[in-house]
Amino acid sequence: MNSEAEAEFRCFVETRWQHLVRTAVLLTGDQGRAEDLVQQTLVIVHRKWRSIEPGATMAYARAVLANQSASWWRRRRHPEVLIASPGDELPGSAQAGRDAMAQIDARDELLRALATLPPRMRAVIVLRYYDDLSEADTAEALGISAGSVKAQASRGLDRLRTALTTLETGERIR
Amino acid sequence: MNATKHDDFEALLRSALADRAQTATTLPDPYDRVTGAVRRDRRRRAVVGSGLAAGALALAIAVAGQLPGGSTVNSDPAGRSTTSQTSAPAQGSLAPISAWPVRGNLAGDKALISAVESRFGRVLFADVHDGKAIVISVADPNQTDPVASAKFSAFVGDPGTPFPADGEDFGTWEVYDGVRPTPAAIAFAGAADARSNLLVLAAPGTSSVDISTMAIPAPDGTIQRQWQTLPMADGVSWSRTADTGGETVRFRVGTAYDGPVTIEGKLTREVTPFCMGCATGEDDVVTFRQRVASAYGYELESLQGQITYNETVPVVDFQDGTGNATRITVVDVVEPGGRHFRGYVARTEGKEQGTGSLSGGSAYPLSPKWNDKAPLVLAGENNTQVVIAPGAATIRWEAGGSHGTEQVNAKGYAVLPSPAAGLADLRVLTYDAAGTTLGEYTEAIDGEVMGDPLDLQP
């Protein structure tokens, strides 16, 4: 990559990093993983920089991000959580514990339910309702048909609504 | 649900997503982080061509070193050049290993330190952990270039047991070794009951280490990793990891270094070392099944393995300069879901009987599109590249804006002409006699995976 293109890439990273991380946080549910995912995405964007059409870079990055995230979540199993000796909690564990104690409200329940959706369905919800992409743009980003986007969004919303309804009717088992 | 409720729900969802997204923090200089990753990405892709020869060299050093205790040396499982990993790091303010003090709660045990240093290299760490005494030392095994490689040793014994003097038997002390280019941090993985203790040593003052325990195969054949940050107490981190062999663990300290475990001890998942005299390949099947099970988290019994190639090919090698042909043994391992993994071993006989070199790496996942029909592209010295494609009649290569066609010979390989070998963005397609496409190698994907199948994303 020549210096002019590198400067353009730098500008792209600096202006888009935060938005991509925010999307990635919704996709992964974790800041650290989100940053890793965005970094991984931008390495791929850098590799393909010359071949990406001008004006389509963010769409390309979003597509890579969504697909990398889906692949990530499709892994066979979660790697274990390492526990630092002697018996210390990892950074974040304490916070997670505090979070669990926090007041449960509708938004929390929605986000919890979002995390349980299949990765592709979750990506559809995030791109449609956070990034405000159209069905067509979401379909292009995820490499699936607009019909599939519509169906996944519908099923995803149904599942989120069910989670919320369960909370409201007090059926949630605590 | 009526329209109003529908709108309310979507508004609530948008609001929840926006609020959660707002909690994401940003970095002061994300470009710095990304460019670091881009450099590592380039470096990994660049080592593909040198992996074969360098892996053999590393093993040759280990053999020449007459390692005590019958331990295995497998500190660079991908069989690739580790020089490329250590030449670039900006070690910056990190003190080199030569400047590290002795750390650990046995650092003041002068008798122990002296006993180890009289037989081995300088002690870096001496500690009682999990009921066991562990001592880490470093020495140059061949008294050659101390920067090029170093021999690390780990000694594990019962606390209070005297360390044996020169000539004495090690008794209950377990001894493990690893040889690698001098890194900025070292790691030792050793078993303790059903889990492994993982020790990472970095420069004094280092406050955290990033660790990834498992390689995760993605459906497209690539590998992904997840990293966890663990705190370090003055550059020392102990953690416990289950159900993994040491070869799958990667760690990094700051942006200075990332790499595999430096010394492997007795692990919860043992992997049989490659055998120089086992050219029939049957032992390689066993080893690669173990490696796939260990690296990717499968049950060993669930994996099927078979030799898919076992011939001598003109990959010019190695350190003895004989130019003797190299036997390439390829093993494909299939998991219950049908995903294919592939590993290969290169063996070159030396001039003298019983001498030679061996390079064996990890098994990497193949693209589901081609599975076992995917060709294997190997690089040797002098820009030679060989395409292993049993069952194919011809290959087409594309690289650097050029392209060409080569015949696959009776041994199932084709040699790339010199204009193609070494060019960027190599792509190879293989065809059967009827012209049907059998498989494809794309450097941007396969090359990256093969560079180190277990270590892709820092």
# chains A, B, ... in the order shown; residues from 1 in each chain; ligands from 1
>>> interface_residues(of="chain B", to="chain A", cutoff="6 Å", atoms="only C-alpha atoms", output="PDB file with all heavy atoms, in the first residue's frame")
ATOM      1  N   ARG B  14     -34.280  -0.430  19.899  1.00  0.00           N
ATOM      2  CA  ARG B  14     -33.269   0.513  19.387  1.00  0.00           C
ATOM      3  C   ARG B  14     -32.592   1.245  20.544  1.00  0.00           C
ATOM      4  O   ARG B  14     -31.382   1.442  20.555  1.00  0.00           O
ATOM      5  CB  ARG B  14     -33.928   1.527  18.444  1.00  0.00           C
ATOM      6  CG  ARG B  14     -34.342   0.966  17.097  1.00  0.00           C
ATOM      7  CD  ARG B  14     -35.021   2.058  16.252  1.00  0.00           C
ATOM      8  NE  ARG B  14     -35.733   1.491  15.134  1.00  0.00           N
ATOM      9  CZ  ARG B  14     -35.174   1.112  13.978  1.00  0.00           C
ATOM     10  NH1 ARG B  14     -33.869   1.277  13.817  1.00  0.00           N
ATOM     11  NH2 ARG B  14     -35.894   0.604  13.011  1.00  0.00           N
ATOM     12  N   ALA B  16     -32.299   0.234  23.661  1.00  0.00           N
ATOM     13  CA  ALA B  16     -31.450  -0.679  24.427  1.00  0.00           C
ATOM     14  C   ALA B  16     -30.130  -0.925  23.706  1.00  0.00           C
ATOM     15  O   ALA B  16     -29.062  -0.938  24.323  1.00  0.00           O
ATOM     16  CB  ALA B  16     -32.187  -2.006  24.644  1.00  0.00           C
ATOM     17  N   ALA B  21     -24.403   0.030  23.237  1.00  0.00           N
ATOM     18  CA  ALA B  21     -23.285   0.384  22.363  1.00  0.00           C
ATOM     19  C   ALA B  21     -22.499   1.564  22.926  1.00  0.00           C
ATOM     20  O   ALA B  21     -21.279   1.629  22.800  1.00  0.00           O
ATOM     21  CB  ALA B  21     -23.797   0.707  20.963  1.00  0.00           C
ATOM     22  N   ALA B  24     -19.395   1.102  25.108  1.00  0.00           N
ATOM     23  CA  ALA B  24     -18.105   0.693  24.549  1.00  0.00           C
ATOM     24  C   ALA B  24     -17.118   1.843  24.643  1.00  0.00           C
ATOM     25  O   ALA B  24     -17.435   2.968  24.260  1.00  0.00           O
ATOM     26  CB  ALA B  24     -18.283   0.264  23.085  1.00  0.00           C
ATOM     27  N   THR B  26     -13.369   3.647  23.799  1.00  0.00           N
ATOM     28  CA  THR B  26     -12.554   3.728  22.594  1.00  0.00           C
ATOM     29  C   THR B  26     -11.088   3.758  22.965  1.00  0.00           C
ATOM     30  O   THR B  26     -10.728   3.855  24.144  1.00  0.00           O
ATOM     31  CB  THR B  26     -12.922   4.967  21.765  1.00  0.00           C
ATOM     32  OG1 THR B  26     -12.265   4.898  20.499  1.00  0.00           O
ATOM     33  CG2 THR B  26     -12.514   6.249  22.494  1.00  0.00           C
ATOM     34  N   TYR B  31      -5.395   3.294  15.279  1.00  0.00           N
ATOM     35  CA  TYR B  31      -4.565   3.015  14.098  1.00  0.00           C
ATOM     36  C   TYR B  31      -3.277   2.309  14.515  1.00  0.00           C
ATOM     37  O   TYR B  31      -2.800   1.400  13.824  1.00  0.00           O
ATOM     38  CB  TYR B  31      -4.255   4.316  13.364  1.00  0.00           C
ATOM     39  CG  TYR B  31      -3.338   4.140  12.174  1.00  0.00           C
ATOM     40  CD1 TYR B  31      -3.801   3.550  10.995  1.00  0.00           C
ATOM     41  CD2 TYR B  31      -2.016   4.559  12.233  1.00  0.00           C
ATOM     42  CE1 TYR B  31      -2.968   3.383   9.906  1.00  0.00           C
ATOM     43  CE2 TYR B  31      -1.181   4.399  11.139  1.00  0.00           C
ATOM     44  CZ  TYR B  31      -1.646   3.808   9.985  1.00  0.00           C
ATOM     45  OH  TYR B  31      -0.817   3.638   8.913  1.00  0.00           O
ATOM     46  N   VAL B  34      -4.079  -1.280  15.053  1.00  0.00           N
ATOM     47  CA  VAL B  34      -4.371  -1.984  13.794  1.00  0.00           C
ATOM     48  C   VAL B  34      -3.097  -2.180  12.978  1.00  0.00           C
ATOM     49  O   VAL B  34      -2.871  -3.259  12.415  1.00  0.00           O
ATOM     50  CB  VAL B  34      -5.430  -1.216  12.979  1.00  0.00           C
ATOM     51  CG1 VAL B  34      -5.616  -1.848  11.608  1.00  0.00           C
ATOM     52  CG2 VAL B  34      -6.751  -1.201  13.728  1.00  0.00           C
ATOM     53  N   VAL B  38      -1.504  -5.486  11.478  1.00  0.00           N
ATOM     54  CA  VAL B  38      -1.219  -5.633  10.046  1.00  0.00           C
ATOM     55  C   VAL B  38       0.215  -6.118   9.851  1.00  0.00           C
ATOM     56  O   VAL B  38       0.484  -7.006   9.035  1.00  0.00           O
ATOM     57  CB  VAL B  38      -1.440  -4.288   9.305  1.00  0.00           C
ATOM     58  CG1 VAL B  38      -0.851  -4.339   7.900  1.00  0.00           C
ATOM     59  CG2 VAL B  38      -2.923  -3.959   9.243  1.00  0.00           C
ATOM     60  N   ALA B 218     -12.767 -22.109  11.940  1.00  0.00           N
ATOM     61  CA  ALA B 218     -13.994 -21.505  11.412  1.00  0.00           C
ATOM     62  C   ALA B 218     -14.472 -22.322  10.211  1.00  0.00           C
ATOM     63  O   ALA B 218     -13.700 -23.067   9.607  1.00  0.00           O
ATOM     64  CB  ALA B 218     -13.726 -20.065  10.999  1.00  0.00           C
ATOM     65  N   TRP B 238       0.887 -17.005  36.800  1.00  0.00           N
ATOM     66  CA  TRP B 238       0.532 -18.425  36.872  1.00  0.00           C
ATOM     67  C   TRP B 238      -0.938 -18.557  36.503  1.00  0.00           C
ATOM     68  O   TRP B 238      -1.775 -17.796  36.986  1.00  0.00           O
ATOM     69  CB  TRP B 238       0.707 -18.963  38.296  1.00  0.00           C
ATOM     70  CG  TRP B 238       2.083 -19.350  38.707  1.00  0.00           C
ATOM     71  CD1 TRP B 238       2.914 -18.668  39.544  1.00  0.00           C
ATOM     72  CD2 TRP B 238       2.784 -20.539  38.333  1.00  0.00           C
ATOM     73  NE1 TRP B 238       4.090 -19.353  39.719  1.00  0.00           N
ATOM     74  CE2 TRP B 238       4.044 -20.508  38.976  1.00  0.00           C
ATOM     75  CE3 TRP B 238       2.487 -21.623  37.508  1.00  0.00           C
ATOM     76  CZ2 TRP B 238       4.991 -21.513  38.832  1.00  0.00           C
ATOM     77  CZ3 TRP B 238       3.428 -22.626  37.360  1.00  0.00           C
ATOM     78  CH2 TRP B 238       4.671 -22.569  38.019  1.00  0.00           C
ATOM     79  N   SER B 239      -1.278 -19.496  35.694  1.00  0.00           N
ATOM     80  CA  SER B 239      -2.692 -19.777  35.448  1.00  0.00           C
ATOM     81  C   SER B 239      -2.846 -21.277  35.240  1.00  0.00           C
ATOM     82  O   SER B 239      -1.862 -22.009  35.113  1.00  0.00           O
ATOM     83  CB  SER B 239      -3.192 -18.997  34.231  1.00  0.00           C
ATOM     84  OG  SER B 239      -2.384 -19.252  33.114  1.00  0.00           O
TER      85      SER B 239
END
>>> residues_around(residues="range 121-124 of chain A", least_positions_apart="6", cutoff="10 Å", atoms="only C-alpha atoms", output="ChimeraX atom specification")
/A:23-24,26-28,65-67,69-70,113-115,130-131,133,135,138-139,141-142,148-157
>>> closest_residue(among="A:Ser3, A:Arg120, A:Lys48, A:Gly55", to="Gly143 in chain A", atoms="only C-alpha atoms")
A:Arg120
>>> residues_around(residues="Glu140 in chain A", least_positions_apart="4", cutoff="10 Å", atoms="only C-alpha atoms", output="compact mmCIF listing (two decimals) with C-alpha atoms, in the first residue's frame")
# COMPACT_ATOMS: atom_id res chain seq x y z
CA ALA A 59 -20.12 -1.44 4.03
CA TYR A 60 -17.27 -3.84 3.32
CA ALA A 63 -19.80 -7.13 6.20
CA SER A 134 -32.23 -1.53 5.21
CA GLU A 135 -33.18 -5.15 4.58
CA ALA A 136 -31.29 -5.02 1.30
CA ILE A 144 -27.77 -13.67 2.48
CA SER A 145 -31.02 -12.90 0.68
CA ALA A 146 -33.33 -10.04 1.64
CA VAL A 149 -33.09 -11.08 6.48
>>> residues_around(residues="Ser153 in chain B", least_positions_apart="3", cutoff="6 Å", atoms="only C-alpha atoms", output="PyMOL selection string")
chain B and resi 136-137+176-177
>>> atom_distance(atom1="CA of Gln385 in chain B", atom2="CA of Leu416 in chain B")
5.6 Å
>>> atom_distance(atom1="CA of Asp109 in chain B", atom2="CA of Ala95 in chain B")
23.7 Å
>>> atom_distance(atom1="CA of Ala107 in chain B", atom2="CA of Thr206 in chain B")
18.4 Å
>>> residues_around(residues="Gly391 in chain B", least_positions_apart="2", cutoff="9 Å", atoms="only C-alpha atoms", output="PyMOL selection string")
chain B and resi 373+389+393+408+412+431-432+438
>>> residues_around(residues="Gly281 in chain B", least_positions_apart="6", cutoff="12 Å", atoms="only C-alpha atoms", output="PyMOL selection string")
chain B and resi 274-275+287-288+305-311+327-332+343-347+360
>>> decode(residues="range 19-31 of chain A", atoms="all heavy atoms", output="PDB file, in the first residue's frame")
ATOM      1  N   HIS A  19     -17.324   3.321  15.985  1.00  0.00           N
ATOM      2  CA  HIS A  19     -18.621   2.796  15.556  1.00  0.00           C
ATOM      3  C   HIS A  19     -18.548   1.285  15.360  1.00  0.00           C
ATOM      4  O   HIS A  19     -19.463   0.541  15.748  1.00  0.00           O
ATOM      5  CB  HIS A  19     -19.082   3.474  14.263  1.00  0.00           C
ATOM      6  CG  HIS A  19     -20.464   3.064  13.864  1.00  0.00           C
ATOM      7  ND1 HIS A  19     -21.594   3.760  14.258  1.00  0.00           N
ATOM      8  CD2 HIS A  19     -20.921   1.999  13.159  1.00  0.00           C
ATOM      9  CE1 HIS A  19     -22.672   3.143  13.799  1.00  0.00           C
ATOM     10  NE2 HIS A  19     -22.288   2.067  13.121  1.00  0.00           N
ATOM     11  N   LEU A  20     -17.463   0.840  14.747  1.00  0.00           N
ATOM     12  CA  LEU A  20     -17.327  -0.601  14.536  1.00  0.00           C
ATOM     13  C   LEU A  20     -17.249  -1.342  15.873  1.00  0.00           C
ATOM     14  O   LEU A  20     -17.823  -2.427  16.030  1.00  0.00           O
ATOM     15  CB  LEU A  20     -16.080  -0.892  13.686  1.00  0.00           C
ATOM     16  CG  LEU A  20     -16.187  -0.503  12.212  1.00  0.00           C
ATOM     17  CD1 LEU A  20     -14.827  -0.603  11.529  1.00  0.00           C
ATOM     18  CD2 LEU A  20     -17.194  -1.402  11.477  1.00  0.00           C
ATOM     19  N   VAL A  21     -16.539  -0.788  16.828  1.00  0.00           N
ATOM     20  CA  VAL A  21     -16.449  -1.442  18.144  1.00  0.00           C
ATOM     21  C   VAL A  21     -17.825  -1.485  18.804  1.00  0.00           C
ATOM     22  O   VAL A  21     -18.198  -2.487  19.422  1.00  0.00           O
ATOM     23  CB  VAL A  21     -15.426  -0.716  19.053  1.00  0.00           C
ATOM     24  CG1 VAL A  21     -15.535  -1.211  20.497  1.00  0.00           C
ATOM     25  CG2 VAL A  21     -14.013  -0.943  18.541  1.00  0.00           C
ATOM     26  N   ARG A  22     -18.585  -0.409  18.653  1.00  0.00           N
ATOM     27  CA  ARG A  22     -19.925  -0.410  19.246  1.00  0.00           C
ATOM     28  C   ARG A  22     -20.799  -1.508  18.627  1.00  0.00           C
ATOM     29  O   ARG A  22     -21.515  -2.222  19.335  1.00  0.00           O
ATOM     30  CB  ARG A  22     -20.575   0.963  19.056  1.00  0.00           C
ATOM     31  CG  ARG A  22     -19.988   2.002  19.996  1.00  0.00           C
ATOM     32  CD  ARG A  22     -20.540   3.382  19.745  1.00  0.00           C
ATOM     33  NE  ARG A  22     -20.114   4.303  20.801  1.00  0.00           N
ATOM     34  CZ  ARG A  22     -20.317   5.609  20.774  1.00  0.00           C
ATOM     35  NH1 ARG A  22     -20.924   6.164  19.724  1.00  0.00           N
ATOM     36  NH2 ARG A  22     -19.908   6.355  21.747  1.00  0.00           N
ATOM     37  N   THR A  23     -20.731  -1.603  17.320  1.00  0.00           N
ATOM     38  CA  THR A  23     -21.484  -2.688  16.672  1.00  0.00           C
ATOM     39  C   THR A  23     -20.987  -4.046  17.157  1.00  0.00           C
ATOM     40  O   THR A  23     -21.765  -4.955  17.455  1.00  0.00           O
ATOM     41  CB  THR A  23     -21.340  -2.592  15.139  1.00  0.00           C
ATOM     42  OG1 THR A  23     -21.835  -1.328  14.713  1.00  0.00           O
ATOM     43  CG2 THR A  23     -22.101  -3.707  14.435  1.00  0.00           C
ATOM     44  N   ALA A  24     -19.658  -4.151  17.253  1.00  0.00           N
ATOM     45  CA  ALA A  24     -19.069  -5.433  17.665  1.00  0.00           C
ATOM     46  C   ALA A  24     -19.432  -5.786  19.099  1.00  0.00           C
ATOM     47  O   ALA A  24     -19.594  -6.957  19.440  1.00  0.00           O
ATOM     48  CB  ALA A  24     -17.550  -5.385  17.488  1.00  0.00           C
ATOM     49  N   VAL A  25     -19.550  -4.783  19.950  1.00  0.00           N
ATOM     50  CA  VAL A  25     -19.966  -5.048  21.333  1.00  0.00           C
ATOM     51  C   VAL A  25     -21.354  -5.666  21.346  1.00  0.00           C
ATOM     52  O   VAL A  25     -21.639  -6.594  22.118  1.00  0.00           O
ATOM     53  CB  VAL A  25     -19.938  -3.738  22.163  1.00  0.00           C
ATOM     54  CG1 VAL A  25     -20.780  -3.873  23.424  1.00  0.00           C
ATOM     55  CG2 VAL A  25     -18.507  -3.395  22.541  1.00  0.00           C
ATOM     56  N   LEU A  26     -22.207  -5.174  20.480  1.00  0.00           N
ATOM     57  CA  LEU A  26     -23.559  -5.747  20.412  1.00  0.00           C
ATOM     58  C   LEU A  26     -23.523  -7.163  19.830  1.00  0.00           C
ATOM     59  O   LEU A  26     -24.327  -8.017  20.198  1.00  0.00           O
ATOM     60  CB  LEU A  26     -24.464  -4.854  19.565  1.00  0.00           C
ATOM     61  CG  LEU A  26     -24.713  -3.449  20.139  1.00  0.00           C
ATOM     62  CD1 LEU A  26     -25.514  -2.612  19.155  1.00  0.00           C
ATOM     63  CD2 LEU A  26     -25.437  -3.541  21.477  1.00  0.00           C
ATOM     64  N   LEU A  27     -22.606  -7.388  18.929  1.00  0.00           N
ATOM     65  CA  LEU A  27     -22.522  -8.716  18.320  1.00  0.00           C
ATOM     66  C   LEU A  27     -21.899  -9.733  19.269  1.00  0.00           C
ATOM     67  O   LEU A  27     -22.259 -10.905  19.269  1.00  0.00           O
ATOM     68  CB  LEU A  27     -21.695  -8.653  17.022  1.00  0.00           C
ATOM     69  CG  LEU A  27     -22.320  -7.874  15.866  1.00  0.00           C
ATOM     70  CD1 LEU A  27     -21.318  -7.712  14.724  1.00  0.00           C
ATOM     71  CD2 LEU A  27     -23.572  -8.575  15.357  1.00  0.00           C
ATOM     72  N   THR A  28     -20.922  -9.288  20.063  1.00  0.00           N
ATOM     73  CA  THR A  28     -20.178 -10.234  20.897  1.00  0.00           C
ATOM     74  C   THR A  28     -20.561 -10.164  22.370  1.00  0.00           C
ATOM     75  O   THR A  28     -20.323 -11.118  23.107  1.00  0.00           O
ATOM     76  CB  THR A  28     -18.665  -9.974  20.812  1.00  0.00           C
ATOM     77  OG1 THR A  28     -18.379  -8.689  21.382  1.00  0.00           O
ATOM     78  CG2 THR A  28     -18.178  -9.995  19.365  1.00  0.00           C
ATOM     79  N   GLY A  29     -21.065  -8.998  22.787  1.00  0.00           N
ATOM     80  CA  GLY A  29     -21.410  -8.837  24.190  1.00  0.00           C
ATOM     81  C   GLY A  29     -20.222  -8.550  25.087  1.00  0.00           C
ATOM     82  O   GLY A  29     -20.342  -8.584  26.307  1.00  0.00           O
ATOM     83  N   ASP A  30     -19.074  -8.258  24.503  1.00  0.00           N
ATOM     84  CA  ASP A  30     -17.877  -8.086  25.313  1.00  0.00           C
ATOM     85  C   ASP A  30     -16.950  -7.067  24.655  1.00  0.00           C
ATOM     86  O   ASP A  30     -16.647  -7.176  23.461  1.00  0.00           O
ATOM     87  CB  ASP A  30     -17.157  -9.434  25.451  1.00  0.00           C
ATOM     88  CG  ASP A  30     -15.885  -9.319  26.257  1.00  0.00           C
ATOM     89  OD1 ASP A  30     -15.967  -9.411  27.482  1.00  0.00           O
ATOM     90  OD2 ASP A  30     -14.805  -9.122  25.655  1.00  0.00           O
ATOM     91  N   GLN A  31     -16.487  -6.100  25.445  1.00  0.00           N
ATOM     92  CA  GLN A  31     -15.634  -5.045  24.888  1.00  0.00           C
ATOM     93  C   GLN A  31     -14.316  -5.590  24.325  1.00  0.00           C
ATOM     94  O   GLN A  31     -13.895  -5.237  23.233  1.00  0.00           O
ATOM     95  CB  GLN A  31     -15.331  -4.004  25.977  1.00  0.00           C
ATOM     96  CG  GLN A  31     -14.238  -3.001  25.637  1.00  0.00           C
ATOM     97  CD  GLN A  31     -14.760  -1.760  24.941  1.00  0.00           C
ATOM     98  OE1 GLN A  31     -15.932  -1.411  25.109  1.00  0.00           O
ATOM     99  NE2 GLN A  31     -13.920  -1.110  24.155  1.00  0.00           N
TER     100      GLN A  31
END
